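Only one structure is covered here, and it is reproduced in the block below.
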Amino acid sequence: MTDTDLYQDGQKPKGVFSTLVADGDWLYVKGEYKKATDSYTTALTVKPDDKTCFVGRSKCYLRIGQAESALQDAEASLKEDKSFFEGLYQKAEALYYIGEFEFALVFYHRGQKLRPQIQEFRLGIQKAQEAIEKSIGSPSSVKLKIKGDLSFLQKDEESAQPIAAIQNLATEEKQQSQKTPKSEKTTKQLLGEFYSDKKYLENLLKDEDLVKGKMKGGERLQDVIQGCLKYLDGCTEFWNQEKPISPREKERKRSKPRHCAPSEPAQFLLKSLDDIDAELASGNSEGSLKKAKKVMRMVQVWSDKEMPDKKEVLGSLHSCIGNALIELGDMDQALEHHQKDLELAKQCKFPDAMSRALDNIGRVYAQVGQFKQAIEFWEKKIPLVRSGLEKTWLFHEIGRCYLELSHHEEARDYGVRSVAAANEIADEKWQINANVLVAQSELKLGHFEFCVSHFERALTKAKLQEDDSAMNVIQKALDEAKLHLPQ
């Protein structure tokens, strides 16, 4: 018996919650996001309020481009526990991908205060701040809306940064006259892309709790907002009287050729990568492969000026192509593309991409039964792993490969490391997997007492999870192991 027998497709009752969630986690790791979503959804019919399950499904929704659904699940995970840091991070991520950079920044900050040791929150703060700064030059890229509870800005100085960004937008221009046009239609026509920002600021003034807050420099938020509105009114009057522009002429002046707008390729690529992932997740491997190759041909002819991160983008596309080829059963070609992804990641010194490529190369080797090569690449990935969950399954998979090679001591050692990592994140389903791996290794080594001990630990966890399927298989293995004990 192998521990994979416990979770093999077709052997899991759909009502067994822990098995379904473990299946979802593993499918997510393998990049099968649509299947993972289905597993989480079925699991939620068993335990409708499980917050970790909501987070898992939210992550899948993000990967297949359904950011609104991801946000709903993230909020559901926070319903009972507002300090659930995984839910806070997922909500921030969903808001970021929707384009609500200001609110994303707030929740990244909240999470960092709760878990300052988790660098994902720090990276989230950084990318949200950068997105806000970039959106200042092109307000159409971010549609500002007033939604949710803004009263937390009153006491949280760091959370006032969205307003600071709007203030910077206003002060970049020269001061003009301060008269307001009579017609709202004229105002909308003259301000163009800035009109939605003006309406947003006017709505902010209606929030009495918000406007009482202060900036880091001591300025009242109410004064800042009124100053911005005053400036926009002045600009509107100036453009109306001194520099009238017809809508057609304004549109002509705004438009830029593709080679002058690096943001356009970036937006195209983000959408394309989402589409490629969505095709693969839905089971359309051929469609995903075809689209990835088409996008790669386009990227290859772009200049470094148009695409500053060209090598990183090409690496991502090689990864997408490799994953599609795995699903199509072309392991040789898949391996070639994942190796190209690794080469580009090394050139860019991009750890996340290196980790991704090493993971995929190991996966290809493991699937074709070349366990020694799988171990070689997966062990190179270990220093790049950041999350506890990823560390747990990586140790587990390396241990399984050693077990297949009959290197039982190495299998036992990696199983112990997987147990420790699972205990660290208090993940009971992986505690089951890891203890089973250790028990199987100890059985092969002839250490029957240790074998029985780990099977018993796995059985205890399975009972806590109310996982009948796992309990039955582990109990059978435990009974067989006890036969080897001295009478």
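Please note that chains go A, B, ... in the order of the structure tokens, that every chain numbers its residues from 1, and that ligands are numbered from 1 in the order shown.
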
Using only C-alpha atoms, what does the table of region 380-439 of chain A residues within 12 Å of region 47-59 of chain A look like, with each row giving the shortest atom pair and its distance in Å to one decimal, sorted by chain and ascending number, as a tab-separated table?
residue	atom	partner	partner_atom	distance
A:Leu389	CA	A:Gly56	CA	11.9
A:Ala426	CA	A:Thr52	CA	11.9
A:Asp427	CA	A:Thr52	CA	10.3

Resulting file, chosen residues, C-alpha atoms, as a PDB file, in the first residue's frame:
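Here's the written file result.pdb:
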ATOM      1  CA  LEU A 389       2.179  24.199   2.760  1.00  0.00           C
ATOM      2  CA  ALA A 426      -1.297  22.751  11.833  1.00  0.00           C
ATOM      3  CA  ASP A 427      -2.515  21.113   8.623  1.00  0.00           C
TER       4      ASP A 427
END

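Computed from the coordinates, the CA of Ser285 (chain A) to CA of Gly31 (chain A) distance equals 12.1 Å.
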